[in-house]
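**Student:** Below you will find the structure I want to go over with you.
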Amino acid sequence: MYLKSSLYPFLFLSFFLLLLSSAAAFNITQILGEHSEFSALNRYITDTQLAGEINNRQSITILAVDNGGLSSLSGKPKDVIKKIISLHVLLDYLDLPKLQKIPNNTQILPTLFQASGQSTGQFGFLNVTHLSSGGVAFGSAVNGSQLGANVVKSVVSQPFNLSVLQISSPIVPPGITNSTASPPTPPPPPPPPPPSSSPAPEPSPRNKSAPAPTPAKAPPPPANASSPSNDTSPPATSPSPEKTPSESPPPKASTPSPTKRPFLGPVADEAPADSPKASREGEKDSSAPAMAGIQVAVFVMLVCSLWSFTSYI
């Protein structure tokens with residue numbers, strides 16, 4: 001019973017060490033340092049600061065080229081070397097048995113150069129193909145590239161974490177030096193508008209100043225008039241064209257409005273002749289004496305008739 005209880009701390013420590021080992025599965029520079037034929041590759045990985053990015057990956061494959069094959073990179077700029085080396089780092093675990101089971105005998109694989117976000121088009125991908133001869137070759141996925149890097153052997157294999165495969169030559173796609181995605185440049189400012197060749201519009205008649213009026217010529221002096229040299233009075237200025245009688249419009253005769261009559265005061269006995277109401281009142285006044293006479297005559301005849309009738313009885 002005591003033995004079983006003493007095993008618990010040991011098991012817990014082993015599990016903790018296992019977690020630490022899975023968090024940092026490998027150290028690529030330490031692994032390549034054990035193989036002197038890849039010392040140039042190990043140096044390029046360290047100088048370009050790609051070691052940290054490779055060690056942070058959980059599953060990765062390194063396509064290693066020996067020192068003689070990497071001699072063609074000597075003298076190239078550091079950023080170009082970083083692009084080429086990162087193109088030899090696949091973002092998946094591939095060993096020899098897995099390469100023999102490629103679907104459709106060919107596959108396009110992403111690389112660390114594609115994950116960096118600096119590649120354009122197909123520059124960040126590799127083409128792996130299973131050859132009819134039984135071998136496996138790698139090449140760039142850029143159109144027109146050849147499959148010239150053959151798999152030589154497996155150098156290191158840590159299943160599902162790290163695989164180092166030696167290939168015959170480096171993979172350098174044409175135009176990789178110009179494959180970096182540059183940030184979008186701001187659009188240039190719009191050019192200034194060209195000067196207009198059309199004539200300037202004429203000013204509005206309201207704004208156009210009226211021509212200066214020509215002063216009217218003074219009439220010639222009469223024959224018996226005295227000489228101008230003896231006349232000391234200043235010459236008469238001609239009236240302005242705006243005030244000459246010839247240009248001023250003739251006055252319009254003011255006609256009374258047909259709907260309004262001027263007030264002439266109250267009329268005592270008669271109204272205007274053209275008033276219909278006044279004519280009717282005049283006819284009524286003239287017929288009043290006639291009606292009174294007819295009524296008197298009828299009354300007299302009625303009285304006479306009654307008197308005759310009473311006398312007869």
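Following the order of the structure tokens, first chain is A, next is B, and so on, with residues numbered from 1 inside each chain and ligands from 1 in the order they appear.
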Just want the 12 Å neighbourhood of Glu53 (chain A), counted on only C-alpha atoms, with same-chain residues fewer than 6 positions away dropped. Output as an mmCIF file with N, CA, C and O atoms, in the first residue's frame.
**Tutor:**
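Result file follows (out-v4.cif):
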data_model
loop_
_atom_site.group_PDB
_atom_site.id
_atom_site.type_symbol
_atom_site.label_atom_id
_atom_site.label_comp_id
_atom_site.auth_asym_id
_atom_site.auth_seq_id
_atom_site.Cartn_x
_atom_site.Cartn_y
_atom_site.Cartn_z
ATOM 1 N N ALA A 24 7.518 21.651 -26.710
ATOM 2 C CA ALA A 24 8.731 21.916 -27.488
ATOM 3 C C ALA A 24 9.218 20.569 -28.012
ATOM 4 O O ALA A 24 10.068 19.895 -27.413
ATOM 5 N N PHE A 26 10.859 19.645 -30.778
ATOM 6 C CA PHE A 26 12.184 19.477 -31.375
ATOM 7 C C PHE A 26 12.890 20.823 -31.436
ATOM 8 O O PHE A 26 12.275 21.884 -31.298
ATOM 9 N N ASN A 27 14.177 20.749 -31.664
ATOM 10 C CA ASN A 27 15.020 21.909 -31.903
ATOM 11 C C ASN A 27 15.766 21.641 -33.214
ATOM 12 O O ASN A 27 16.672 20.798 -33.258
ATOM 13 N N ILE A 28 15.377 22.356 -34.245
ATOM 14 C CA ILE A 28 15.873 22.023 -35.576
ATOM 15 C C ILE A 28 17.370 22.275 -35.714
ATOM 16 O O ILE A 28 18.086 21.510 -36.376
ATOM 17 N N THR A 29 17.877 23.322 -35.104
ATOM 18 C CA THR A 29 19.311 23.595 -35.222
ATOM 19 C C THR A 29 20.138 22.533 -34.497
ATOM 20 O O THR A 29 21.228 22.155 -34.947
ATOM 21 N N ILE A 45 19.474 28.729 -41.722
ATOM 22 C CA ILE A 45 18.278 28.758 -40.866
ATOM 23 C C ILE A 45 18.497 29.665 -39.664
ATOM 24 O O ILE A 45 17.590 30.402 -39.244
ATOM 25 N N THR A 46 19.705 29.654 -39.125
ATOM 26 C CA THR A 46 20.007 30.496 -37.964
ATOM 27 C C THR A 46 20.126 31.961 -38.367
ATOM 28 O O THR A 46 19.578 32.842 -37.690
ATOM 29 N N SER A 59 3.856 19.951 -36.558
ATOM 30 C CA SER A 59 4.120 18.963 -37.611
ATOM 31 C C SER A 59 4.782 19.680 -38.768
ATOM 32 O O SER A 59 4.220 20.656 -39.308
ATOM 33 N N ILE A 60 5.955 19.191 -39.178
ATOM 34 C CA ILE A 60 6.723 19.908 -40.177
ATOM 35 C C ILE A 60 7.667 18.936 -40.882
ATOM 36 O O ILE A 60 8.052 17.884 -40.328
ATOM 37 N N SER A 86 12.795 29.085 -46.598
ATOM 38 C CA SER A 86 11.428 28.874 -46.095
ATOM 39 C C SER A 86 10.567 28.106 -47.096
ATOM 40 O O SER A 86 9.569 27.491 -46.711
ATOM 41 N N VAL A 89 10.482 24.266 -46.339
ATOM 42 C CA VAL A 89 9.864 23.844 -45.077
ATOM 43 C C VAL A 89 8.377 23.619 -45.349
ATOM 44 O O VAL A 89 7.617 24.571 -45.604
ATOM 45 N N LEU A 91 4.513 22.453 -44.330
ATOM 46 C CA LEU A 91 3.684 22.593 -43.121
ATOM 47 C C LEU A 91 2.895 21.322 -42.823
ATOM 48 O O LEU A 91 1.738 21.380 -42.394
ATOM 49 N N LEU A 112 6.346 27.184 -45.565
ATOM 50 C CA LEU A 112 6.493 28.272 -44.593
ATOM 51 C C LEU A 112 6.558 29.627 -45.291
ATOM 52 O O LEU A 112 6.163 30.639 -44.697
ATOM 53 N N PHE A 113 7.021 29.659 -46.532
ATOM 54 C CA PHE A 113 7.039 30.907 -47.292
ATOM 55 C C PHE A 113 5.610 31.395 -47.568
ATOM 56 O O PHE A 113 5.327 32.585 -47.503
ATOM 57 N N ALA A 115 3.023 30.716 -45.596
ATOM 58 C CA ALA A 115 2.450 31.118 -44.309
ATOM 59 C C ALA A 115 2.967 32.468 -43.855
ATOM 60 O O ALA A 115 2.313 33.123 -43.026
ATOM 61 N N SER A 116 4.095 32.911 -44.378
ATOM 62 C CA SER A 116 4.637 34.217 -43.973
ATOM 63 C C SER A 116 3.834 35.378 -44.538
ATOM 64 O O SER A 116 3.971 36.504 -44.057
#
**Student:** So how many Å separate CA of Val155 (chain A) and CA of Ile62 (chain A), to one decimal?
**Tutor:** 9.7 Å
**Student:** Just want the 9 Å neighbourhood of region 144-154 of chain A, counted on only C-alpha atoms, with same-chain residues fewer than 4 positions away dropped. Output as a PyMOL selection string.
**Tutor:** chain A and resi 63+95-96+127-129+135-140+163-171+173-174
